[in-house]
Amino acid sequence: MNSLPFATGGALQVRRVFCVGRNYAEHAKEMGHDEREPPFFFAKSAEALVLGPEVPYPPMTGDLHHEVELVVAIGRDGAGISVDAARSHIAGYAVGIDLTRRDLQAVAKKQARPWAMAKSWIGAAPIGTLHAPAEVGHPRAGRIVLKVNGEIRQSGDLAEMIWSVDEIVAELSRYDRLLAGDLIMTGTPAGVGPLAIGDKVEVSIDGIGGAGFVIGPVAG
Ligand code: MN
C-alpha cells in the first residue's frame, strides 16, 4: 500500500517512511540506553504500510513486537527546514505501529548490521487514516496508547518526546530533502512487547483517533 487516505477525503501518495529511534525516555531506558542520546533514523518501505482489519504475523521471527507511534506526513518539499517552519511542511498526522522483529534486531545490534530486515517487510507498519492540521491542528501533547486484547500495554504522552515533532522534521531535513508524501514515525513510549497470532491490537492518540487490527496467520 502506498496511498494513505485522509479522514476528510483525498489521499497522500506515500514516498518514503522514516522512523526515529528511542524518542521517549522511558522506552530508551527499557532498551538499555541513556535518555539523552541524539535522535537517529532508520527506514521502512512504503510497502510496509497496511491499513486494514488483519495484519499477518511475519515470517522469520519468533518475537514480533509492537511500538505505537505518532506518524507525521510531509506535505511540502523542503531541505534545511527550520524548527519554526516545520509545521508548514506537515500535511497530516496518524497513529501507526512500528512492528519490529525484535529477535532479528537484537542480532543486528550485536553484530553491527543494518536493521532493515528487523523493521521492514510488507505489513510492518499498520497505520490509521491521516488527519490534516485543518481538522486536528498540530498535536504536541496527548495520550498515546496501545492495547492488546483490551489490556493497556503502552501508555505515554506526546509531550514526553525527547525530540519534538518540529525538531525531528528540521533535523531529518538536514540529511536529505524531505518530499511531499514522506512519512515520519516519531518513536514509541515504554511498554513494547510481543504479539501473537490472534491478538487484537488497538491504538489511539488523543485528538487523532484510533486504529485496530488482528494479528493473522504467518504471511506466505
Ligand atoms: Mn519505533
# chains A, B, ... in the order shown; residues from 1 in each chain; ligands from 1
call {"tool": "residues_near_ligand", "arguments": {"ligand": "ligand 1", "cutoff": "9 Å", "atoms": "only C-alpha atoms and all ligand atoms", "output": "PyMOL selection string"}}
result
chain A and resi 19-23+66-69+97-100+119+185-189
call {"tool": "select_by_dssp", "arguments": {"residues": "range 26-194 of chain A", "states": "strand (DSSP E or B)", "output": "compact mmCIF listing (two decimals) with C-alpha atoms, in the first residue's frame"}}
result
# COMPACT_ATOMS: atom_id res chain seq x y z
CA PHE A 40 18.84 8.56 14.86
CA PHE A 41 16.83 7.44 11.87
CA PHE A 42 16.02 4.24 10.03
CA ALA A 43 13.52 3.48 7.28
CA LYS A 44 10.72 1.19 6.20
CA LEU A 49 2.16 0.29 5.28
CA VAL A 50 -1.05 -1.62 5.89
CA GLU A 54 -5.84 -8.12 9.65
CA VAL A 55 -2.05 -7.87 9.75
CA PRO A 56 -0.20 -11.12 9.03
CA LEU A 64 7.24 -9.74 16.89
CA HIS A 65 6.98 -6.51 18.95
CA HIS A 66 4.51 -3.62 18.87
CA VAL A 68 2.78 2.56 18.84
CA GLU A 69 3.85 5.89 17.32
CA LEU A 70 2.64 9.27 16.12
CA VAL A 71 3.07 9.39 12.34
CA VAL A 72 3.75 12.72 10.65
CA ALA A 73 3.07 13.16 6.93
CA ILE A 74 5.10 15.69 4.95
CA GLY A 78 11.98 21.14 1.81
CA ILE A 90 3.27 18.90 7.62
CA ALA A 91 0.18 17.62 5.77
CA GLY A 92 -1.24 15.44 8.48
CA TYR A 93 -0.99 13.09 11.43
CA ALA A 94 -1.93 9.46 12.05
CA VAL A 95 -1.43 6.76 14.62
CA GLY A 96 0.78 3.91 13.45
CA ILE A 97 2.69 0.92 14.69
CA THR A 100 9.60 -4.96 14.85
CA ARG A 101 11.13 -8.41 14.56
CA ALA A 125 3.64 -0.56 9.50
CA PRO A 126 -0.09 -0.76 10.30
CA ILE A 127 -1.48 2.76 10.22
CA LEU A 130 -4.47 10.70 8.09
CA HIS A 131 -5.83 13.80 9.78
CA ARG A 143 -2.20 10.37 25.46
CA ILE A 144 -0.79 7.70 23.13
CA VAL A 145 -1.99 4.19 23.99
CA LEU A 146 -1.72 0.64 22.71
CA LYS A 147 -3.91 -2.20 23.95
CA VAL A 148 -3.59 -5.91 23.28
CA GLU A 151 -5.26 -4.60 28.13
CA ILE A 152 -3.14 -1.45 28.08
CA ARG A 153 0.45 -2.35 27.16
CA GLN A 154 1.83 1.05 26.14
CA SER A 155 0.75 4.39 27.51
CA GLY A 156 2.55 7.69 27.20
CA ASP A 157 2.08 11.30 26.22
CA MET A 161 9.08 13.05 23.30
CA LEU A 178 12.06 15.93 2.52
CA LEU A 183 6.10 9.83 6.45
CA ILE A 184 7.97 10.05 9.74
CA MET A 185 7.26 7.63 12.58
CA GLY A 193 6.29 -6.26 23.92
CA PRO A 194 5.46 -9.37 21.92
call {"tool": "closest_residue", "arguments": {"among": "A:Asn149, A:Ser164, A:Asn2, A:Thr61", "to": "Val201 in chain A", "atoms": "only C-alpha atoms"}}
result
A:Asn149
call {"tool": "atom_distance", "arguments": {"atom1": "CA of Gly209 in chain A", "atom2": "CA of Gly128 in chain A"}}
result
8.3 Å
call {"tool": "residues_around", "arguments": {"residues": "Trp163 in chain A", "least_positions_apart": "4", "cutoff": "9 Å", "atoms": "only C-alpha atoms", "output": "list of chain:residue names"}}
result
A:Asn23, A:Tyr24, A:Pro38, A:Pro39, A:Glu167, A:Ile168, A:Thr186
call {"tool": "write_last_selection", "arguments": {"atoms": "C-alpha atoms", "output": "mmCIF file, in the first residue's frame"}}
result
data_model
loop_
_atom_site.group_PDB
_atom_site.id
_atom_site.type_symbol
_atom_site.label_atom_id
_atom_site.label_comp_id
_atom_site.auth_asym_id
_atom_site.auth_seq_id
_atom_site.Cartn_x
_atom_site.Cartn_y
_atom_site.Cartn_z
ATOM 1 C CA ASN A 23 12.422 9.191 21.315
ATOM 2 C CA TYR A 24 10.736 8.666 24.686
ATOM 3 C CA PRO A 38 20.634 12.367 19.975
ATOM 4 C CA PRO A 39 17.968 11.031 17.581
ATOM 5 C CA GLU A 167 12.808 19.291 15.834
ATOM 6 C CA ILE A 168 12.611 15.892 14.101
ATOM 7 C CA THR A 186 8.286 9.580 15.666
#
call {"tool": "select_by_dssp", "arguments": {"residues": "range 105-202 of chain A", "states": "helix (DSSP H, G or I)", "output": "count of residues only"}}
result
28
call {"tool": "residues_around", "arguments": {"residues": "Ala170 in chain A", "least_positions_apart": "5", "cutoff": "9 Å", "atoms": "only C-alpha atoms", "output": "list of chain:residue names"}}
result
A:Ala79, A:Gly80, A:Ile81, A:Ser82, A:Val83, A:Asp84, A:Ala85, A:Ala86, A:Val165
call {"tool": "closest_residue", "arguments": {"among": "A:Asp77, A:Glu47, A:Glu26, A:Asp206", "to": "Ala124 in chain A", "atoms": "only C-alpha atoms"}}
result
A:Glu47
call {"tool": "residues_around", "arguments": {"residues": "Gly150 in chain A", "least_positions_apart": "5", "cutoff": "10 Å", "atoms": "only C-alpha atoms", "output": "PyMOL selection string"}}
result
chain A and resi 199-202
call {"tool": "closest_residue", "arguments": {"among": "A:Ala25, A:Pro59, A:Gly207, A:Arg16", "to": "Arg177 in chain A", "atoms": "only C-alpha atoms"}}
result
A:Arg16
call {"tool": "closest_residue", "arguments": {"among": "A:Pro133, A:Gly123, A:Pro139, A:Gly181", "to": "Gly52 in chain A", "atoms": "only C-alpha atoms"}}
result
A:Gly123
call {"tool": "closest_atom_pairs", "arguments": {"of": "range 73-166 of chain A", "to": "range 31-34 of chain A", "cutoff": "12 Å", "atoms": "only C-alpha atoms", "output": "CSV"}}
result
residue,atom,partner,partner_atom,distance
A:Arg102,CA,A:Met31,CA,11.0
A:Gln105,CA,A:Met31,CA,11.7
A:Ala106,CA,A:Met31,CA,10.5
A:Lys109,CA,A:Met31,CA,11.6
A:Ile162,CA,A:Asp34,CA,11.5
call {"tool": "write_last_selection", "arguments": {"atoms": "N, CA, C and O atoms", "output": "PDB file, in the first residue's frame"}}
result
ATOM      1  N   ARG A 102      11.939  -8.269  16.860  1.00  0.00           N
ATOM      2  CA  ARG A 102      12.906  -7.909  17.900  1.00  0.00           C
ATOM      3  C   ARG A 102      14.082  -8.875  17.937  1.00  0.00           C
ATOM      4  O   ARG A 102      15.210  -8.464  18.251  1.00  0.00           O
ATOM      5  N   GLN A 105      16.403  -7.849  15.268  1.00  0.00           N
ATOM      6  CA  GLN A 105      17.029  -6.576  15.635  1.00  0.00           C
ATOM      7  C   GLN A 105      18.150  -6.801  16.655  1.00  0.00           C
ATOM      8  O   GLN A 105      19.204  -6.168  16.570  1.00  0.00           O
ATOM      9  N   ALA A 106      17.910  -7.711  17.601  1.00  0.00           N
ATOM     10  CA  ALA A 106      18.930  -7.976  18.629  1.00  0.00           C
ATOM     11  C   ALA A 106      20.210  -8.513  17.993  1.00  0.00           C
ATOM     12  O   ALA A 106      21.317  -8.101  18.353  1.00  0.00           O
ATOM     13  N   LYS A 109      21.914  -5.601  16.088  1.00  0.00           N
ATOM     14  CA  LYS A 109      22.611  -4.691  17.006  1.00  0.00           C
ATOM     15  C   LYS A 109      23.946  -5.302  17.455  1.00  0.00           C
ATOM     16  O   LYS A 109      24.972  -4.641  17.455  1.00  0.00           O
ATOM     17  N   ILE A 162      11.508  13.098  23.484  1.00  0.00           N
ATOM     18  CA  ILE A 162      12.805  13.720  23.753  1.00  0.00           C
ATOM     19  C   ILE A 162      13.074  14.795  22.694  1.00  0.00           C
ATOM     20  O   ILE A 162      13.506  15.897  23.009  1.00  0.00           O
TER      21      ILE A 162
END
call {"tool": "residues_around", "arguments": {"residues": "Thr129 in chain A", "least_positions_apart": "3", "cutoff": "7 Å", "atoms": "only C-alpha atoms", "output": "NGL selection string"}}
result
:A and (4-7 or 94)
call {"tool": "write_last_selection", "arguments": {"atoms": "N, CA, C and O atoms", "output": "CSV table (one decimal), in the first residue's frame"}}
result
chain,number,residue,atom,x,y,z
A,4,LEU,N,-2.3,6.7,1.2
A,4,LEU,CA,-2.9,6.8,2.6
A,4,LEU,C,-4.0,7.8,2.6
A,4,LEU,O,-3.8,9.0,2.3
A,5,PRO,N,-5.2,7.3,2.9
A,5,PRO,CA,-6.4,8.2,2.9
A,5,PRO,C,-6.4,9.3,4.0
A,5,PRO,O,-6.0,9.0,5.1
A,6,PHE,N,-6.9,10.5,3.7
A,6,PHE,CA,-7.2,11.4,4.7
A,6,PHE,C,-8.6,11.2,5.2
A,6,PHE,O,-9.5,10.8,4.5
A,7,ALA,N,-8.9,11.4,6.5
A,7,ALA,CA,-10.2,11.2,7.1
A,7,ALA,C,-11.2,12.0,6.4
A,7,ALA,O,-12.4,11.7,6.4
A,94,ALA,N,-1.2,10.7,11.9
A,94,ALA,CA,-1.9,9.5,12.0
A,94,ALA,C,-1.3,8.7,13.2
A,94,ALA,O,-0.2,9.0,13.7
call {"tool": "closest_residue", "arguments": {"among": "A:His138, A:Arg76, A:Arg87, A:Lys110", "to": "Ala180 in chain A", "atoms": "only C-alpha atoms"}}
result
A:Arg76
call {"tool": "decode", "arguments": {"residues": "range 106-145 of chain A", "atoms": "C-alpha atoms", "output": "CSV table (one decimal), in the first residue's frame"}}
result
chain,number,residue,atom,x,y,z
A,106,ALA,CA,18.9,-8.0,18.6
A,107,VAL,CA,21.2,-9.9,16.3
A,108,ALA,CA,21.7,-6.9,14.0
A,109,LYS,CA,22.6,-4.7,17.0
A,110,LYS,CA,25.1,-7.3,18.4
A,111,GLN,CA,26.8,-7.7,15.0
A,112,ALA,CA,26.6,-4.0,14.0
A,113,ARG,CA,24.5,-5.0,11.0
A,114,PRO,CA,21.6,-2.9,9.4
A,115,TRP,CA,18.1,-3.1,11.0
A,116,ALA,CA,16.4,-3.4,7.6
A,117,MET,CA,15.1,-7.0,8.0
A,118,ALA,CA,14.1,-6.3,11.6
A,119,LYS,CA,12.0,-3.3,10.7
A,120,SER,CA,10.7,-3.5,7.1
A,121,TRP,CA,8.5,-6.1,5.3
A,122,ILE,CA,5.1,-6.0,3.7
A,123,GLY,CA,2.8,-5.2,6.6
A,124,ALA,CA,5.4,-3.9,9.0
A,125,ALA,CA,3.6,-0.6,9.5
A,126,PRO,CA,-0.1,-0.8,10.3
A,127,ILE,CA,-1.5,2.8,10.2
A,128,GLY,CA,-4.7,4.7,10.7
A,129,THR,CA,-6.2,7.3,8.4
A,130,LEU,CA,-4.5,10.7,8.1
A,131,HIS,CA,-5.8,13.8,9.8
A,132,ALA,CA,-4.9,17.2,8.3
A,133,PRO,CA,-3.9,20.1,10.5
A,134,ALA,CA,-7.1,21.9,9.4
A,135,GLU,CA,-9.0,19.1,11.2
A,136,VAL,CA,-6.8,18.3,14.3
A,137,GLY,CA,-4.3,21.1,14.5
A,138,HIS,CA,-0.7,20.2,15.3
A,139,PRO,CA,-0.9,17.8,18.3
A,140,ARG,CA,2.1,18.1,20.6
A,141,ALA,CA,0.6,16.7,23.8
A,142,GLY,CA,-2.0,14.0,24.4
A,143,ARG,CA,-2.2,10.4,25.5
A,144,ILE,CA,-0.8,7.7,23.1
A,145,VAL,CA,-2.0,4.2,24.0
